[in-house]
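Containing PDB, C-alpha atoms: coords_29.pdb.
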ATOM      1  CA  MET N   1     -42.511 -87.536  14.197
ATOM      2  CA  SER N   2     -42.819 -90.132  16.929
ATOM      3  CA  SER N   3     -39.109 -89.818  17.720
ATOM      4  CA  THR N   4     -39.542 -86.046  18.173
ATOM      5  CA  ARG N   5     -42.526 -86.653  20.409
ATOM      6  CA  ALA N   6     -40.657 -89.169  22.544
ATOM      7  CA  GLY N   7     -37.588 -86.910  22.698
ATOM      8  CA  LEU N   8     -39.482 -83.824  23.787
ATOM      9  CA  GLU N   9     -41.603 -85.730  26.294
ATOM     10  CA  LYS N  10     -38.472 -87.235  27.885
ATOM     11  CA  MET N  11     -36.908 -83.822  28.480
ATOM     12  CA  ALA N  12     -37.123 -82.166  31.862
ATOM     13  CA  ASP N  13     -39.656 -79.313  31.966
ATOM     14  CA  ILE N  14     -36.950 -76.655  31.975
ATOM     15  CA  GLU N  15     -35.258 -78.265  28.965
ATOM     16  CA  LYS N  16     -38.587 -78.389  27.116
ATOM     17  CA  ALA N  17     -39.188 -74.718  27.851
ATOM     18  CA  GLN N  18     -35.679 -73.768  26.720
ATOM     19  CA  PHE N  19     -35.979 -75.854  23.548
ATOM     20  CA  LEU N  20     -39.370 -74.385  22.671
ATOM     21  CA  ASN N  21     -38.195 -70.832  23.411
ATOM     22  CA  ARG N  22     -35.236 -71.315  21.047
ATOM     23  CA  TRP N  23     -37.614 -72.777  18.467
ATOM     24  CA  LYS N  24     -39.997 -69.822  18.870
ATOM     25  CA  GLU N  25     -37.119 -67.331  18.472
ATOM     26  CA  HIS N  26     -36.005 -69.165  15.330
ATOM     27  CA  LEU N  27     -39.531 -69.080  13.925
ATOM     28  CA  ALA N  28     -39.886 -65.377  14.664
ATOM     29  CA  LYS N  29     -37.325 -64.582  11.990
ATOM     30  CA  PRO N  30     -39.203 -63.475   8.859
ATOM     31  CA  GLU N  31     -37.223 -65.772   6.567
ATOM     32  CA  GLN N  32     -38.250 -68.787   8.634
ATOM     33  CA  LYS N  33     -42.008 -68.228   8.499
ATOM     34  CA  THR N  34     -42.453 -69.483   4.949
ATOM     35  CA  GLU N  35     -40.184 -72.445   5.600
ATOM     36  CA  ILE N  36     -42.012 -73.547   8.746
ATOM     37  CA  LYS N  37     -45.445 -73.127   7.185
ATOM     38  CA  SER N  38     -44.323 -75.263   4.255
ATOM     39  CA  ALA N  39     -42.795 -77.923   6.493
ATOM     40  CA  LEU N  40     -45.828 -78.112   8.752
ATOM     41  CA  GLY N  41     -48.170 -78.105   5.785
ATOM     42  CA  SER N  42     -46.398 -81.130   4.311
ATOM     43  CA  LEU N  43     -46.843 -83.285   7.432
ATOM     44  CA  SER N  44     -49.207 -86.209   7.241
ATOM     45  CA  ASP N  45     -52.387 -85.840   9.292
ATOM     46  CA  GLU N  46     -51.017 -88.281  11.875
ATOM     47  CA  ASP N  47     -47.676 -86.471  12.214
ATOM     48  CA  ARG N  48     -49.353 -83.058  12.351
ATOM     49  CA  LYS N  49     -51.684 -84.284  15.114
ATOM     50  CA  SER N  50     -48.750 -85.816  17.004
ATOM     51  CA  PHE N  51     -46.807 -82.562  16.677
ATOM     52  CA  THR N  52     -49.698 -80.456  17.928
ATOM     53  CA  ASP N  53     -50.307 -82.818  20.846
ATOM     54  CA  VAL N  54     -46.713 -82.395  22.027
ATOM     55  CA  ILE N  55     -46.734 -78.629  21.538
ATOM     56  CA  PHE N  56     -50.031 -78.203  23.344
ATOM     57  CA  LYS N  57     -48.928 -80.354  26.237
ATOM     58  CA  GLN N  58     -45.995 -77.975  26.676
ATOM     59  CA  LEU N  59     -48.112 -74.858  26.150
ATOM     60  CA  LYS N  60     -50.551 -76.102  28.762
ATOM     61  CA  SER N  61     -47.652 -76.611  31.168
ATOM     62  CA  VAL N  62     -46.423 -73.063  30.520
ATOM     63  CA  PHE N  63     -49.934 -71.664  30.903
ATOM     64  CA  MET N  64     -50.510 -73.476  34.197
ATOM     65  CA  GLY N  65     -47.152 -72.213  35.475
ATOM     66  CA  GLU N  66     -48.187 -68.670  34.602
ATOM     67  CA  ALA N  67     -51.566 -69.174  36.279
ATOM     68  CA  LYS N  68     -49.763 -70.324  39.430
ATOM     69  CA  ARG N  69     -47.447 -67.280  39.357
ATOM     70  CA  PHE N  70     -50.503 -65.056  38.817
ATOM     71  CA  ALA N  71     -52.270 -66.616  41.817
ATOM     72  CA  GLU N  72     -49.211 -66.008  43.994
ATOM     73  CA  LEU N  73     -49.171 -62.261  43.271
ATOM     74  CA  THR N  74     -50.565 -60.327  46.197
ATOM     75  CA  THR N  75     -51.739 -56.999  44.799
ATOM     76  CA  GLN N  76     -54.107 -56.135  41.986
ATOM     77  CA  ALA N  77     -51.421 -53.862  40.519
ATOM     78  CA  GLU N  78     -48.970 -56.779  40.319
ATOM     79  CA  LYS N  79     -51.612 -58.990  38.722
ATOM     80  CA  SER N  80     -52.549 -56.318  36.188
ATOM     81  CA  GLU N  81     -48.933 -55.699  35.230
ATOM     82  CA  PHE N  82     -48.280 -59.441  34.902
ATOM     83  CA  CYS N  83     -51.296 -59.821  32.619
ATOM     84  CA  ARG N  84     -50.460 -56.684  30.635
ATOM     85  CA  LYS N  85     -47.058 -58.131  29.747
ATOM     86  CA  ARG N  86     -48.604 -61.461  28.728
ATOM     87  CA  VAL N  87     -51.303 -59.800  26.602
ATOM     88  CA  GLU N  88     -48.663 -57.684  24.865
ATOM     89  CA  GLU N  89     -46.622 -60.833  24.153
ATOM     90  CA  PHE N  90     -49.723 -62.590  22.777
ATOM     91  CA  ALA N  91     -50.490 -59.580  20.561
ATOM     92  CA  ALA N  92     -46.960 -59.541  19.173
ATOM     93  CA  GLN N  93     -47.295 -63.215  18.185
ATOM     94  CA  GLN N  94     -50.912 -63.167  17.025
ATOM     95  CA  ALA N  95     -50.460 -62.679  13.263
ATOM     96  CA  PHE N  96     -47.956 -65.515  12.973
ATOM     97  CA  MET N  97     -50.035 -67.779  15.181
ATOM     98  CA  LYS N  98     -53.044 -67.220  12.922
ATOM     99  CA  GLU N  99     -50.945 -68.224   9.930
ATOM    100  CA  ILE N 100     -49.799 -71.379  11.724
ATOM    101  CA  ALA N 101     -53.361 -72.176  12.812
ATOM    102  CA  ILE N 102     -54.361 -72.318   9.134
ATOM    103  CA  VAL N 103     -51.571 -74.821   8.421
ATOM    104  CA  PHE N 104     -52.767 -77.061  11.261
ATOM    105  CA  LYS N 105     -56.176 -77.487   9.650
ATOM    106  CA  GLY N 106     -58.219 -77.262  12.819
ATOM    107  CA  ASP N 107     -55.833 -79.126  15.144
ATOM    108  CA  PHE N 108     -54.688 -75.772  16.504
ATOM    109  CA  PRO N 109     -57.284 -73.472  18.070
ATOM    110  CA  GLY N 110     -55.482 -70.252  17.188
ATOM    111  CA  PRO N 111     -54.543 -67.412  19.523
ATOM    112  CA  ASP N 112     -58.100 -66.168  20.055
ATOM    113  CA  LYS N 113     -59.266 -69.507  21.459
ATOM    114  CA  PHE N 114     -56.078 -70.875  23.007
ATOM    115  CA  GLN N 115     -56.882 -70.023  26.626
ATOM    116  CA  GLU N 116     -60.355 -71.524  26.314
ATOM    117  CA  TRP N 117     -58.825 -74.632  24.716
ATOM    118  CA  ILE N 118     -56.504 -75.055  27.678
ATOM    119  CA  LEU N 119     -59.347 -74.749  30.161
ATOM    120  CA  THR N 120     -61.318 -77.455  28.350
ATOM    121  CA  HIS N 121     -58.268 -79.741  28.510
ATOM    122  CA  THR N 122     -57.683 -79.480  32.237
ATOM    123  CA  ASN N 123     -58.944 -81.128  35.372
ATOM    124  CA  PRO N 124     -61.109 -79.256  37.916
ATOM    125  CA  ALA N 125     -58.156 -78.237  40.109
ATOM    126  CA  GLU N 126     -56.275 -76.853  37.093
ATOM    127  CA  ARG N 127     -59.393 -74.974  35.959
ATOM    128  CA  GLN N 128     -59.810 -73.492  39.435
ATOM    129  CA  LEU N 129     -56.273 -72.144  39.152
ATOM    130  CA  GLY N 130     -56.484 -71.117  35.488
ATOM    131  CA  GLU N 131     -59.899 -69.474  35.225
ATOM    132  CA  PRO N 132     -59.080 -66.360  37.308
ATOM    133  CA  TYR N 133     -55.952 -65.894  35.210
ATOM    134  CA  VAL N 134     -57.902 -66.185  31.950
ATOM    135  CA  GLU N 135     -60.516 -63.722  33.203
ATOM    136  CA  SER N 136     -57.817 -61.251  34.181
ATOM    137  CA  LEU N 137     -56.120 -61.644  30.796
ATOM    138  CA  LYS N 138     -59.449 -60.885  29.105
ATOM    139  CA  ARG N 139     -60.018 -57.778  31.261
ATOM    140  CA  VAL N 140     -56.522 -56.479  30.567
ATOM    141  CA  ALA N 141     -56.846 -57.167  26.831
ATOM    142  CA  THR N 142     -60.115 -55.228  26.760
ATOM    143  CA  GLN N 143     -58.484 -52.353  28.651
ATOM    144  CA  LEU N 144     -55.521 -52.282  26.259
ATOM    145  CA  LYS N 145     -57.898 -52.163  23.268
ATOM    146  CA  LYS N 146     -59.750 -49.235  24.848
ATOM    147  CA  GLU N 147     -56.450 -47.449  25.479
ATOM    148  CA  ALA N 148     -55.370 -48.057  21.880
ATOM    149  CA  ARG N 149     -58.683 -46.693  20.552
ATOM    150  CA  ALA N 150     -58.436 -43.637  22.807
ATOM    151  CA  THR N 151     -54.886 -42.985  21.599
ATOM    152  CA  THR N 152     -55.966 -43.392  17.955
ATOM    153  CA  THR N 153     -58.968 -41.121  18.467
ATOM    154  CA  ALA N 154     -56.828 -38.475  20.189
ATOM    155  CA  LYS N 155     -54.320 -38.502  17.304
ATOM    156  CA  GLY N 156     -56.962 -38.525  14.561
TER
END
Could I get this structure in the form of structure tokens?
Amino acid sequence: MSSTRAGLEKMADIEKAQFLNRWKEHLAKPEQKTEIKSALGSLSDEDRKSFTDVIFKQLKSVFMGEAKRFAELTTQAEKSEFCRKRVEEFAAQQAFMKEIAIVFKGDFPGPDKFQEWILTHTNPAERQLGEPYVESLKRVATQLKKEARATTTAKG
């Protein structure tokens, strides 16, 4: 696993993002889910920890980039729409991420705690940038849940 770690860490940020997006698309295929869970489950504790460290370093980078884009938006409507899209993406990935979190045996915080994990693994300047984004994501997620309940109630 150390060669994978060194290889990914040596890539330019854009290359890392492209690689991880291709990897995520590959994993999204139903036939790949069992294979990846088996492969990750067979890693030694050291390799699993190394793998998660590399993945989380990249996820943190992506998150901080999103927080910066969020901070640059000028209207509340733009910010809400940005967060709505992100929350919908998180929701679409949540079931699989929960399955993967089980495989990682506690090394992976899971989708419900990921944003909090990132904020505890940042410096004060990064937290200052990321906290408003996290709070907005939470507000939008709550609003989407209310909308979903209202739609369900109206149908039922």
Please measure the separation of CA of Lys37 in chain N and CA of Glu66 in chain N, giving the value in Å to one decimal.
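Result for CA of Lys37 in chain N versus CA of Glu66 in chain N: 27.9 Å, one decimal.
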Could you state the separation of CA of Val87 in chain N and CA of Ala141 in chain N in Å, given to one decimal place?
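Atom-to-atom, CA of Val87 in chain N to CA of Ala141 in chain N, that is 6.1 Å.
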Residues selected by the PyMOL selection byres ((chain N and resi 118-133) around 9), written as an MDAnalysis selection string
chainID N and resid 56 59:60 63:64 66:68 70:71 79 83 113:117 134:138
Using C-alpha atoms, can you export the residues from the last selection as a PDB file, in the frame of the given file?
ATOM      1  CA  PHE N  56     -50.031 -78.203  23.344  1.00  0.00           C
ATOM      2  CA  LEU N  59     -48.112 -74.858  26.150  1.00  0.00           C
ATOM      3  CA  LYS N  60     -50.551 -76.102  28.762  1.00  0.00           C
ATOM      4  CA  PHE N  63     -49.934 -71.664  30.903  1.00  0.00           C
ATOM      5  CA  MET N  64     -50.510 -73.476  34.197  1.00  0.00           C
ATOM      6  CA  GLU N  66     -48.187 -68.670  34.602  1.00  0.00           C
ATOM      7  CA  ALA N  67     -51.566 -69.174  36.279  1.00  0.00           C
ATOM      8  CA  LYS N  68     -49.763 -70.324  39.430  1.00  0.00           C
ATOM      9  CA  PHE N  70     -50.503 -65.056  38.817  1.00  0.00           C
ATOM     10  CA  ALA N  71     -52.270 -66.616  41.817  1.00  0.00           C
ATOM     11  CA  LYS N  79     -51.612 -58.990  38.722  1.00  0.00           C
ATOM     12  CA  CYS N  83     -51.296 -59.821  32.619  1.00  0.00           C
ATOM     13  CA  LYS N 113     -59.266 -69.507  21.459  1.00  0.00           C
ATOM     14  CA  PHE N 114     -56.078 -70.875  23.007  1.00  0.00           C
ATOM     15  CA  GLN N 115     -56.882 -70.023  26.626  1.00  0.00           C
ATOM     16  CA  GLU N 116     -60.355 -71.524  26.314  1.00  0.00           C
ATOM     17  CA  TRP N 117     -58.825 -74.632  24.716  1.00  0.00           C
ATOM     18  CA  VAL N 134     -57.902 -66.185  31.950  1.00  0.00           C
ATOM     19  CA  GLU N 135     -60.516 -63.722  33.203  1.00  0.00           C
ATOM     20  CA  SER N 136     -57.817 -61.251  34.181  1.00  0.00           C
ATOM     21  CA  LEU N 137     -56.120 -61.644  30.796  1.00  0.00           C
ATOM     22  CA  LYS N 138     -59.449 -60.885  29.105  1.00  0.00           C
TER      23      LYS N 138
END
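The spacing separating CA of Glu81 in chain N from CA of His26 in chain N amounts to 27.3 Å.
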So what does the PyMOL selection byres ((chain N and resi 16) around 12) actually pick up in this one, as a CSV table (one decimal) with C-alpha atoms, in the coordinates of the input?
chain,number,residue,atom,x,y,z
N,4,THR,CA,-39.5,-86.0,18.2
N,5,ARG,CA,-42.5,-86.7,20.4
N,6,ALA,CA,-40.7,-89.2,22.5
N,7,GLY,CA,-37.6,-86.9,22.7
N,8,LEU,CA,-39.5,-83.8,23.8
N,9,GLU,CA,-41.6,-85.7,26.3
N,10,LYS,CA,-38.5,-87.2,27.9
N,11,MET,CA,-36.9,-83.8,28.5
N,12,ALA,CA,-37.1,-82.2,31.9
N,13,ASP,CA,-39.7,-79.3,32.0
N,14,ILE,CA,-37.0,-76.7,32.0
N,15,GLU,CA,-35.3,-78.3,29.0
N,17,ALA,CA,-39.2,-74.7,27.9
N,18,GLN,CA,-35.7,-73.8,26.7
N,19,PHE,CA,-36.0,-75.9,23.5
N,20,LEU,CA,-39.4,-74.4,22.7
N,21,ASN,CA,-38.2,-70.8,23.4
N,22,ARG,CA,-35.2,-71.3,21.0
N,23,TRP,CA,-37.6,-72.8,18.5
N,24,LYS,CA,-40.0,-69.8,18.9
N,54,VAL,CA,-46.7,-82.4,22.0
N,55,ILE,CA,-46.7,-78.6,21.5
N,57,LYS,CA,-48.9,-80.4,26.2
N,58,GLN,CA,-46.0,-78.0,26.7
N,59,LEU,CA,-48.1,-74.9,26.2
N,61,SER,CA,-47.7,-76.6,31.2
N,62,VAL,CA,-46.4,-73.1,30.5
Rank nothing, just name the residue among N:Lys155, N:Lys145, N:Lys29, N:Lys49 nearest to Ala91 in chain N, using all atoms listed in the file.
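Ranked by minimum distance to Ala91 in chain N, first place goes to N:Lys145.
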